[in-house]
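Trainee: Please find one structure pasted underneath; my questions will follow.
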Amino acid sequence: MTVIRINAITVSPGAGDELAHRFAKRAGAVDNADGFEGFELLRPTDERDTWLVLTRWRDQASFEAWTTSPAFAHGHRGAGSSGDARPVAAHSELWSYEVVDLAQGAESTD
C-alpha cells in the first residue's frame, strides 16, 4: 500500500528561496531508492510560513530503508548554497499517511 510522508517545514522569514535552492541541489537523490514513487516540494501561496515536502513510497519498509541509508544522511547534512550550515527551518514535523483504496472502502489499519 502506498504511504505518504510529509515533512512540514516552518521556514524562517526570508529563507524560502534558500530552502528551494537546497532541494534543487539534491534533486533526484532519492529517485533510485527502492520503493520510491514520487517527490514534491510545495511552497505556500498564502501567508503561511510552512513548506511541505511530500514523498510517496511503495510501503513503510521502503521509506524506513531510505531514511537509514547513506544517501539520506548525505542529503540531509544541511549545507547551504555557500557551504555554510545555517538552518532555514525554524521547526519541522513528519506527517504520515497512507492512500485509501476507495474501491475497497475506508477500512482503518488502526
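Identifiers for the C-alpha cells are assigned positionally: chains receive A, B, ... in sequence, residues are indexed from 1 per chain, and ligands are indexed from 1 in the order shown.
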Which residues come within 12 Å of Asp17 (chain A), counting only C-alpha atoms, excluding same-chain residues fewer than 3 positions away, as a list in words?
Mentor: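 Everything that qualifies: Val11, Ser12, Pro13, Gly14, Ala20, His21, Arg22, Phe23, Ala24, Leu41, Arg43, Pro44, Trp51, Gly80, Ser81, Val88 and Ala89 of chain A.
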Trainee: Run DSSP on the backbone and give me the residues of region 12-44 of chain A it puts in helix (DSSP H, G or I), as a PyMOL selection string.
Mentor: chain A and resi 16-25
Trainee: By how many Å are CA of Trp95 (chain A) and CA of Val53 (chain A) apart?
Mentor: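 Interatomic distance, CA of Trp95 (chain A) to CA of Val53 (chain A): 10.0 Å.
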Trainee: Sorted by chain and rising residue number, list the residues of region 8-58 of chain A at most 8 Å from region 63-72 of chain A (counting only C-alpha atoms), each with its closest atom pair and distance in Å to one decimal, as a Markdown table.
Mentor:
```
| residue | atom | partner | partner_atom | distance |
| --- | --- | --- | --- | --- |
| A:Ala29 | CA | A:Ala71 | CA | 7.3 |
| A:Val30 | CA | A:Phe72 | CA | 7.8 |
| A:Ala33 | CA | A:Trp66 | CA | 6.6 |
| A:Asp34 | CA | A:Trp66 | CA | 7.9 |
| A:Gly35 | CA | A:Phe63 | CA | 7.5 |
| A:Phe36 | CA | A:Phe63 | CA | 7.6 |
| A:Trp57 | CA | A:Phe63 | CA | 6.1 |
```
Trainee: From the options A:Ala15, A:Thr10, A:Leu94, A:Ala73, which residue's atoms come nearest to Thr55 (chain A), counting only C-alpha atoms?
Mentor: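 Ranking A:Ala15, A:Thr10, A:Leu94, A:Ala73 by distance to Thr55 (chain A), first place goes to A:Leu94.
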Trainee: Apply DSSP to the structure's backbone, then extract all residues of region 1-108 of chain A labelled strand (DSSP E) and return them as a PyMOL selection string.
Mentor: chain A and resi 3-11+36-42+50-57+89-98
Trainee: Would you write out those residues with C-alpha atoms, as a PDB file, in the first residue's frame?
Mentor:
```pdb
ATOM      1  CA  VAL A   3       2.381   5.534   2.003  1.00  0.00           C
ATOM      2  CA  ILE A   4       2.832   9.291   2.045  1.00  0.00           C
ATOM      3  CA  ARG A   5       5.348  11.117   4.198  1.00  0.00           C
ATOM      4  CA  ILE A   6       5.030  14.875   4.511  1.00  0.00           C
ATOM      5  CA  ASN A   7       7.747  16.902   6.130  1.00  0.00           C
ATOM      6  CA  ALA A   8       6.054  20.149   7.217  1.00  0.00           C
ATOM      7  CA  ILE A   9       8.875  22.684   7.470  1.00  0.00           C
ATOM      8  CA  THR A  10       8.311  26.039   9.143  1.00  0.00           C
ATOM      9  CA  VAL A  11      10.718  28.279   7.255  1.00  0.00           C
ATOM     10  CA  PHE A  36      10.258   5.472  -4.081  1.00  0.00           C
ATOM     11  CA  GLU A  37       7.251   6.674  -6.091  1.00  0.00           C
ATOM     12  CA  GLY A  38       7.391  10.475  -6.100  1.00  0.00           C
ATOM     13  CA  PHE A  39       8.509  13.779  -4.584  1.00  0.00           C
ATOM     14  CA  GLU A  40       7.058  17.292  -4.478  1.00  0.00           C
ATOM     15  CA  LEU A  41       8.187  20.469  -2.732  1.00  0.00           C
ATOM     16  CA  LEU A  42       5.162  22.654  -2.008  1.00  0.00           C
ATOM     17  CA  THR A  50       5.163  26.216   6.320  1.00  0.00           C
ATOM     18  CA  TRP A  51       6.510  24.448   3.231  1.00  0.00           C
ATOM     19  CA  LEU A  52       5.587  20.817   2.585  1.00  0.00           C
ATOM     20  CA  VAL A  53       7.938  18.121   1.316  1.00  0.00           C
ATOM     21  CA  LEU A  54       5.724  15.318   0.060  1.00  0.00           C
ATOM     22  CA  THR A  55       7.098  11.882  -0.784  1.00  0.00           C
ATOM     23  CA  ARG A  56       5.281   8.733  -1.898  1.00  0.00           C
ATOM     24  CA  TRP A  57       6.579   5.242  -1.082  1.00  0.00           C
ATOM     25  CA  ALA A  89      13.901  25.877   9.131  1.00  0.00           C
ATOM     26  CA  ALA A  90      12.604  27.040  12.472  1.00  0.00           C
ATOM     27  CA  HIS A  91      10.680  23.782  13.014  1.00  0.00           C
ATOM     28  CA  SER A  92       9.643  20.649  11.176  1.00  0.00           C
ATOM     29  CA  GLU A  93       7.224  17.782  11.693  1.00  0.00           C
ATOM     30  CA  LEU A  94       6.895  14.479   9.857  1.00  0.00           C
ATOM     31  CA  TRP A  95       3.317  13.585   8.995  1.00  0.00           C
ATOM     32  CA  SER A  96       2.465  10.016   7.956  1.00  0.00           C
ATOM     33  CA  TYR A  97      -0.448   8.959   5.756  1.00  0.00           C
ATOM     34  CA  GLU A  98      -1.483   6.042   3.600  1.00  0.00           C
TER      35      GLU A  98
END
```
Trainee: What gap, in Å, lies between CA of Thr2 (chain A) and CA of Asp49 (chain A)?
Mentor: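 Between these atoms lies a distance of 27.9 Å.
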Trainee: What is the distance between CA of Gln104 (chain A) and CA of Met1 (chain A), in Å to one decimal?
Mentor: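 Going from CA of Gln104 (chain A) over to CA of Met1 (chain A) covers 12.2 Å.
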Trainee: Counting only C-alpha atoms, which residue out of A:Glu47, A:Ser62, A:Arg86, A:Glu18 sits closest to Asn32 (chain A)?
Mentor: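 Of all the options, A:Ser62 lies closest to Asn32 (chain A).
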